[in-house]
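Undergrad: Structure file target-v1.pdb (PDB, C-alpha atoms, pLDDT in the B column) right here:
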MODEL        1
ATOM      1  CA  MET A   1      77.827 123.153 102.535  1.00 39.00           C
ATOM      2  CA  LYS A   2      81.022 124.724 101.298  1.00 41.00           C
ATOM      3  CA  GLN A   3      83.716 122.374  99.974  1.00 42.00           C
ATOM      4  CA  GLU A   4      87.284 123.188 100.826  1.00 42.00           C
ATOM      5  CA  LYS A   5      89.831 123.254  98.023  1.00 43.00           C
ATOM      6  CA  THR A   6      93.245 121.623  98.045  1.00 44.00           C
ATOM      7  CA  ARG A   7      96.016 121.671  95.475  1.00 46.00           C
ATOM      8  CA  THR A   8      96.815 118.658  93.335  1.00 50.00           C
ATOM      9  CA  ARG A   9     100.197 117.862  91.835  1.00 58.00           C
ATOM     10  CA  ARG A  10      99.427 119.911  88.763  1.00 65.00           C
ATOM     11  CA  GLY A  11      98.326 122.878  90.823  1.00 63.00           C
ATOM     12  CA  GLU A  12      94.637 122.795  89.937  1.00 64.00           C
ATOM     13  CA  ALA A  13      92.059 122.994  92.707  1.00 61.00           C
ATOM     14  CA  ALA A  14      90.451 119.751  93.790  1.00 60.00           C
ATOM     15  CA  PRO A  15      87.515 119.430  96.149  1.00 64.00           C
ATOM     16  CA  GLU A  16      87.986 117.762  99.514  1.00 73.00           C
ATOM     17  CA  PHE A  17      85.720 114.768  99.931  1.00 74.00           C
ATOM     18  CA  PRO A  18      84.382 113.929 103.356  1.00 77.00           C
ATOM     19  CA  ALA A  19      85.651 110.873 105.149  1.00 87.00           C
ATOM     20  CA  LEU A  20      83.219 108.023 105.605  1.00 93.00           C
ATOM     21  CA  SER A  21      83.233 105.663 108.534  1.00 96.00           C
ATOM     22  CA  VAL A  22      83.365 102.115 107.158  1.00 97.00           C
ATOM     23  CA  THR A  23      83.570  98.794 108.969  1.00 98.00           C
ATOM     24  CA  LEU A  24      85.293  96.141 106.889  1.00 98.00           C
ATOM     25  CA  GLU A  25      84.998  92.510 107.991  1.00 98.00           C
ATOM     26  CA  VAL A  26      88.221  91.095 106.577  1.00 98.00           C
ATOM     27  CA  ASN A  27      89.445  87.542 107.140  1.00 98.00           C
ATOM     28  CA  GLY A  28      87.305  87.216 110.250  1.00 97.00           C
ATOM     29  CA  ASP A  29      88.413  90.493 111.845  1.00 98.00           C
ATOM     30  CA  SER A  30      86.518  93.755 111.996  1.00 98.00           C
ATOM     31  CA  TYR A  31      88.235  97.036 111.073  1.00 98.00           C
ATOM     32  CA  ARG A  32      86.699 100.481 111.557  1.00 98.00           C
ATOM     33  CA  LEU A  33      88.188 102.935 109.054  1.00 97.00           C
ATOM     34  CA  ASN A  34      87.615 106.563 108.159  1.00 96.00           C
ATOM     35  CA  LEU A  35      88.111 106.697 104.410  1.00 96.00           C
ATOM     36  CA  ASP A  36      87.700 109.162 101.601  1.00 95.00           C
ATOM     37  CA  SER A  37      84.533 108.137  99.774  1.00 94.00           C
ATOM     38  CA  ARG A  38      86.594 107.462  96.623  1.00 95.00           C
ATOM     39  CA  VAL A  39      88.919 104.849  98.167  1.00 97.00           C
ATOM     40  CA  THR A  40      88.696 101.506  96.424  1.00 98.00           C
ATOM     41  CA  LEU A  41      88.434  98.278  98.345  1.00 98.00           C
ATOM     42  CA  LEU A  42      91.866  97.312  96.982  1.00 98.00           C
ATOM     43  CA  ASP A  43      93.461 100.501  98.309  1.00 98.00           C
ATOM     44  CA  ALA A  44      91.714 100.124 101.675  1.00 98.00           C
ATOM     45  CA  LEU A  45      93.056  96.575 101.995  1.00 98.00           C
ATOM     46  CA  ARG A  46      96.584  97.408 100.899  1.00 98.00           C
ATOM     47  CA  ASP A  47      97.147 100.958 102.171  1.00 98.00           C
ATOM     48  CA  HIS A  48      94.979 101.069 105.287  1.00 97.00           C
ATOM     49  CA  LEU A  49      95.063  97.468 106.533  1.00 98.00           C
ATOM     50  CA  GLY A  50      98.493  96.363 105.246  1.00 98.00           C
ATOM     51  CA  LEU A  51      97.033  93.325 103.439  1.00 98.00           C
ATOM     52  CA  THR A  52      99.167  93.369 100.313  1.00 98.00           C
ATOM     53  CA  GLY A  53      98.257  89.957  98.869  1.00 97.00           C
ATOM     54  CA  ALA A  54      95.747  91.394  96.411  1.00 98.00           C
ATOM     55  CA  LYS A  55      97.807  93.148  93.756  1.00 98.00           C
ATOM     56  CA  LYS A  56      97.199  96.298  91.786  1.00 96.00           C
ATOM     57  CA  GLY A  57      97.753  95.123  88.241  1.00 95.00           C
ATOM     58  CA  CYS A  58      95.856  97.023  85.587  1.00 95.00           C
ATOM     59  CA  ASP A  59      93.725  99.102  88.007  1.00 94.00           C
ATOM     60  CA  GLN A  60      90.899  98.717  85.450  1.00 96.00           C
ATOM     61  CA  GLY A  61      89.342  95.389  86.436  1.00 95.00           C
ATOM     62  CA  ALA A  62      90.761  93.523  83.458  1.00 96.00           C
ATOM     63  CA  CYS A  63      93.585  91.399  84.897  1.00 97.00           C
ATOM     64  CA  GLY A  64      92.175  89.810  88.075  1.00 97.00           C
ATOM     65  CA  ALA A  65      95.314  90.364  90.177  1.00 97.00           C
ATOM     66  CA  CYS A  66      93.189  92.144  92.802  1.00 98.00           C
ATOM     67  CA  THR A  67      90.561  89.394  93.135  1.00 98.00           C
ATOM     68  CA  VAL A  68      89.102  88.952  96.610  1.00 98.00           C
ATOM     69  CA  LEU A  69      85.957  87.229  97.825  1.00 97.00           C
ATOM     70  CA  VAL A  70      83.014  89.168  99.218  1.00 98.00           C
ATOM     71  CA  ASP A  71      80.343  87.042 100.869  1.00 97.00           C
ATOM     72  CA  GLY A  72      81.859  84.076  99.010  1.00 94.00           C
ATOM     73  CA  LYS A  73      81.731  85.663  95.556  1.00 96.00           C
ATOM     74  CA  ARG A  74      84.783  86.877  93.666  1.00 96.00           C
ATOM     75  CA  ILE A  75      85.175  90.517  92.770  1.00 98.00           C
ATOM     76  CA  VAL A  76      87.937  92.659  91.328  1.00 98.00           C
ATOM     77  CA  SER A  77      88.639  94.960  94.251  1.00 98.00           C
ATOM     78  CA  CYS A  78      90.241  97.723  92.163  1.00 98.00           C
ATOM     79  CA  LEU A  79      86.800  98.655  90.792  1.00 97.00           C
ATOM     80  CA  ALA A  80      84.912  98.387  94.087  1.00 98.00           C
ATOM     81  CA  LEU A  81      84.552 101.324  96.427  1.00 97.00           C
ATOM     82  CA  ALA A  82      85.352 100.332 100.017  1.00 98.00           C
ATOM     83  CA  ALA A  83      82.195 102.082 101.247  1.00 97.00           C
ATOM     84  CA  GLN A  84      80.074  99.622  99.237  1.00 97.00           C
ATOM     85  CA  TYR A  85      81.352  96.743 101.354  1.00 98.00           C
ATOM     86  CA  ASP A  86      80.617  98.131 104.802  1.00 97.00           C
ATOM     87  CA  GLY A  87      79.818  95.151 107.033  1.00 96.00           C
ATOM     88  CA  ARG A  88      80.227  92.538 104.285  1.00 97.00           C
ATOM     89  CA  ARG A  89      82.421  89.438 104.725  1.00 98.00           C
ATOM     90  CA  ILE A  90      85.662  89.944 102.769  1.00 98.00           C
ATOM     91  CA  THR A  91      88.283  87.242 102.311  1.00 98.00           C
ATOM     92  CA  THR A  92      91.742  87.952 100.937  1.00 98.00           C
ATOM     93  CA  ILE A  93      94.548  85.530 100.166  1.00 98.00           C
ATOM     94  CA  GLU A  94      95.898  86.223 103.665  1.00 97.00           C
ATOM     95  CA  GLY A  95      92.700  84.764 105.148  1.00 97.00           C
ATOM     96  CA  LEU A  96      92.581  81.649 103.009  1.00 95.00           C
ATOM     97  CA  GLY A  97      95.114  79.593 104.909  1.00 89.00           C
ATOM     98  CA  ASP A  98      98.223  80.099 106.965  1.00 85.00           C
ATOM     99  CA  ASP A  99     101.840  78.968 107.007  1.00 84.00           C
ATOM    100  CA  SER A 100     101.071  75.932 109.156  1.00 92.00           C
ATOM    101  CA  GLU A 101      97.971  74.892 107.200  1.00 94.00           C
ATOM    102  CA  PRO A 102      97.701  76.303 103.667  1.00 95.00           C
ATOM    103  CA  HIS A 103      94.399  76.022 101.840  1.00 95.00           C
ATOM    104  CA  PRO A 104      94.191  72.960  99.516  1.00 96.00           C
ATOM    105  CA  MET A 105      94.271  75.262  96.472  1.00 96.00           C
ATOM    106  CA  GLN A 106      97.421  76.986  97.756  1.00 96.00           C
ATOM    107  CA  ARG A 107      99.113  73.593  98.240  1.00 95.00           C
ATOM    108  CA  ALA A 108      98.092  72.478  94.733  1.00 96.00           C
ATOM    109  CA  PHE A 109      99.438  75.694  93.182  1.00 97.00           C
ATOM    110  CA  ALA A 110     102.775  75.072  94.906  1.00 96.00           C
ATOM    111  CA  ARG A 111     102.899  71.393  93.841  1.00 97.00           C
ATOM    112  CA  HIS A 112     102.156  72.255  90.212  1.00 97.00           C
ATOM    113  CA  ASP A 113     104.443  75.282  90.093  1.00 95.00           C
ATOM    114  CA  ALA A 114     101.363  77.250  89.035  1.00 95.00           C
ATOM    115  CA  PHE A 115     103.172  80.545  89.336  1.00 88.00           C
ATOM    116  CA  GLN A 116     106.332  81.988  87.916  1.00 89.00           C
ATOM    117  CA  CYS A 117     106.775  85.590  88.956  1.00 92.00           C
ATOM    118  CA  GLY A 118     103.916  85.137  91.461  1.00 93.00           C
ATOM    119  CA  TYR A 119     102.304  88.509  90.903  1.00 95.00           C
ATOM    120  CA  CYS A 120      98.972  87.121  89.698  1.00 96.00           C
ATOM    121  CA  THR A 121      99.001  84.109  92.032  1.00 97.00           C
ATOM    122  CA  PRO A 122      96.840  85.499  94.869  1.00 97.00           C
ATOM    123  CA  GLY A 123      94.114  86.567  92.437  1.00 97.00           C
ATOM    124  CA  GLN A 124      94.366  83.269  90.545  1.00 97.00           C
ATOM    125  CA  ILE A 125      94.014  81.264  93.769  1.00 97.00           C
ATOM    126  CA  MET A 126      91.056  83.333  94.997  1.00 98.00           C
ATOM    127  CA  SER A 127      89.295  82.862  91.653  1.00 97.00           C
ATOM    128  CA  ALA A 128      90.090  79.141  91.617  1.00 97.00           C
ATOM    129  CA  VAL A 129      88.661  78.668  95.126  1.00 96.00           C
ATOM    130  CA  CYS A 130      85.477  80.435  94.106  1.00 95.00           C
ATOM    131  CA  LEU A 131      85.324  78.551  90.804  1.00 94.00           C
ATOM    132  CA  GLN A 132      85.299  75.243  92.658  1.00 93.00           C
ATOM    133  CA  ALA A 133      82.815  76.478  95.253  1.00 93.00           C
ATOM    134  CA  GLU A 134      80.504  77.576  92.416  1.00 92.00           C
ATOM    135  CA  GLY A 135      80.708  74.073  90.927  1.00 92.00           C
ATOM    136  CA  ARG A 136      82.095  75.404  87.659  1.00 90.00           C
ATOM    137  CA  ALA A 137      85.328  73.427  87.512  1.00 92.00           C
ATOM    138  CA  GLY A 138      83.847  70.340  85.876  1.00 89.00           C
ATOM    139  CA  THR A 139      85.796  70.335  82.622  1.00 94.00           C
ATOM    140  CA  GLU A 140      88.987  71.770  81.195  1.00 94.00           C
ATOM    141  CA  GLU A 141      86.867  74.105  79.069  1.00 96.00           C
ATOM    142  CA  ASP A 142      84.928  75.285  82.143  1.00 96.00           C
ATOM    143  CA  ILE A 143      88.138  76.017  84.026  1.00 96.00           C
ATOM    144  CA  ARG A 144      89.583  77.883  81.060  1.00 96.00           C
ATOM    145  CA  GLU A 145      86.405  79.919  80.567  1.00 96.00           C
ATOM    146  CA  PHE A 146      85.697  80.789  84.198  1.00 95.00           C
ATOM    147  CA  MET A 147      89.343  81.649  84.943  1.00 96.00           C
ATOM    148  CA  SER A 148      89.627  83.855  81.843  1.00 95.00           C
ATOM    149  CA  GLY A 149      89.284  87.018  83.925  1.00 95.00           C
ATOM    150  CA  ASN A 150      92.644  86.316  85.561  1.00 96.00           C
ATOM    151  CA  ILE A 151      95.666  87.076  83.416  1.00 95.00           C
ATOM    152  CA  CYS A 152      99.091  85.498  83.946  1.00 95.00           C
ATOM    153  CA  ARG A 153     101.716  87.422  82.039  1.00 93.00           C
ATOM    154  CA  CYS A 154     104.205  84.579  82.522  1.00 92.00           C
ATOM    155  CA  GLY A 155     101.914  82.072  80.816  1.00 92.00           C
ATOM    156  CA  ALA A 156     101.561  79.527  83.644  1.00 95.00           C
ATOM    157  CA  TYR A 157      98.008  78.704  82.563  1.00 96.00           C
ATOM    158  CA  GLN A 158      98.644  74.999  82.008  1.00 96.00           C
ATOM    159  CA  ASN A 159     100.009  74.607  85.537  1.00 97.00           C
ATOM    160  CA  ILE A 160      97.210  76.740  87.014  1.00 97.00           C
ATOM    161  CA  ARG A 161      94.587  74.536  85.377  1.00 97.00           C
ATOM    162  CA  ALA A 162      96.430  71.402  86.528  1.00 97.00           C
ATOM    163  CA  ALA A 163      96.365  72.646  90.129  1.00 97.00           C
ATOM    164  CA  ILE A 164      92.645  73.358  89.928  1.00 96.00           C
ATOM    165  CA  ARG A 165      91.937  69.958  88.329  1.00 96.00           C
ATOM    166  CA  GLU A 166      93.893  68.237  91.114  1.00 96.00           C
ATOM    167  CA  VAL A 167      91.918  69.884  93.901  1.00 95.00           C
ATOM    168  CA  VAL A 168      88.627  69.092  92.142  1.00 94.00           C
ATOM    169  CA  ALA A 169      89.634  65.481  91.382  1.00 92.00           C
ATOM    170  CA  GLU A 170      90.778  64.828  94.949  1.00 89.00           C
ATOM    171  CA  GLY A 171      87.477  66.135  96.209  1.00 81.00           C
ATOM    172  CA  ASN A 172      89.278  68.532  98.522  1.00 70.00           C
ATOM    173  CA  ASP A 173      87.011  71.040 100.117  1.00 63.00           C
ATOM    174  CA  ALA A 174      88.232  74.241  98.555  1.00 59.00           C
ATOM    175  CA  SER A 175      85.557  76.308 100.223  1.00 60.00           C
ATOM    176  CA  LEU A 176      86.239  78.966 102.791  1.00 60.00           C
TER     177      LEU A 176
ENDMDL
END
Show this structure as C-alpha cells.
TA:
Amino acid sequence: MKQEKTRTRRGEAAPEFPALSVTLEVNGDSYRLNLDSRVTLLDALRDHLGLTGAKKGCDQGACGACTVLVDGKRIVSCLALAAQYDGRRITTIEGLGDDSEPHPMQRAFARHDAFQCGYCTPGQIMSAVCLQAEGRAGTEEDIREFMSGNICRCGAYQNIRAAIREVVAEGNDASL
C-alpha cells in the first residue's frame, strides 16, 4: 500500500498514518473516535473530547500532571496511545465528582489548600484516589513514596499529604 506524503512545518515529507476507529469509555460515557494511530490518550481526552482536567506537563511521563485511571489503575496518559485503551474504563478528574457532590479526596484537597497554582492538582487527586484504593496510604512514608510520581512545582506536598491522611483517617470511601 502506498503511503501519501504531507509537508511538515520544516518542509520535509512525512508519511500519512491511517486513522483508527477507537471507542473510549470515559467517565461512564462511550465515545467513538477516528484517530491517527499516534495520538496519545492525553491528546484524545483533551483535544478530541474537550476533557482538559488532565494536564500536559512534561509530556514525558515524569511529572504526573496527566494522571488518569484506567480500569481503576493510574497511568500517565501522555505516554499511552489512545488505541491501546479501546473499550477500557477510563476515569478523569471530570468523572470523579461533580459540583454538587465532589469526591471526598477533592473536598479534602480544598480544605487543606493542597494546591497553589492548581496545575498538578487533577493528577495529584487521581493518584491519591488510587493510592487509597490500593491500600498504600498507611503511613506518611507510604504516601510520600507512592505519590512521588506526581510533581508539584509550587511545593504543596505537605498539604497534599495532609489531605490524603484526612481521607484515610476518616475512613471515607475514596474509591470510584
Undergrad: Expand the PyMOL selection byres ((chain A and resi 43) around 12) into the individual residues it matches in the shown file, reporting them as a PyMOL selection string.
TA: chain A and resi 35-42+44-56+59+66+76-83
Undergrad: Return the single residue from A:Thr91, A:Ser21, A:Asn27, A:Asn159 that is closest to A:Phe109, with distances computed using all atoms listed in the file.
TA: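 Of the candidates, the smallest distance to A:Phe109 is held by A:Asn159.
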Undergrad: Compute the distance from (104.6, 79.5, 85.6) to each atom, counting all atoms listed in the file, keep the residues with any atom at most 7 Å away, and return them as a ChimeraX atom specification; use the coordinates of the file.
TA: /A:113-116,154-156,159
Undergrad: Counting all atoms listed in the file, figure out which residue out of A:Ala62, A:Gly87, A:Pro102, A:Lys73 gets nearest to A:Ser30.
TA: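 The closest residue to A:Ser30 is A:Gly87.
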Undergrad: One number please: atom CA of A:Asn150 to atom CA of A:Cys63, in Å, one decimal.
TA: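 Rounded to one decimal, the two atoms are 5.2 Å apart.
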Undergrad: With all atoms listed in the file as the atoms that count, which of A:Val167, A:Leu96, A:Ile125, A:Ala137 lies nearest to A:Gly64?
TA: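 Among A:Val167, A:Leu96, A:Ile125, A:Ala137, it is A:Ile125 that comes nearest to A:Gly64.
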Undergrad: Could you tell me which of A:Cys58, A:Val26, A:Ile143, A:Val129 comes closest to A:Arg89 if we count all atoms listed in the file?
TA: A:Val26
Undergrad: Which distance in Å separates atom CA of A:Tyr85 and atom CA of A:Arg136, to one decimal?
TA: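 Value for the atom CA of A:Tyr85-atom CA of A:Arg136 distance: 25.4 Å.
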Undergrad: How many Å lie between atom CA of A:Glu16 and atom CA of A:Arg88, rounded to one decimal?
TA: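 Pair atom CA of A:Glu16 / atom CA of A:Arg88 returns 26.8 Å.
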Undergrad: From the list A:Asn172, A:Thr67, A:Thr121, A:Gln106, which residue is nearest A:Gly149 when using all atoms listed in the file?
TA: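 Looking only at the distances to A:Gly149, the closest residue turns out to be A:Thr67.
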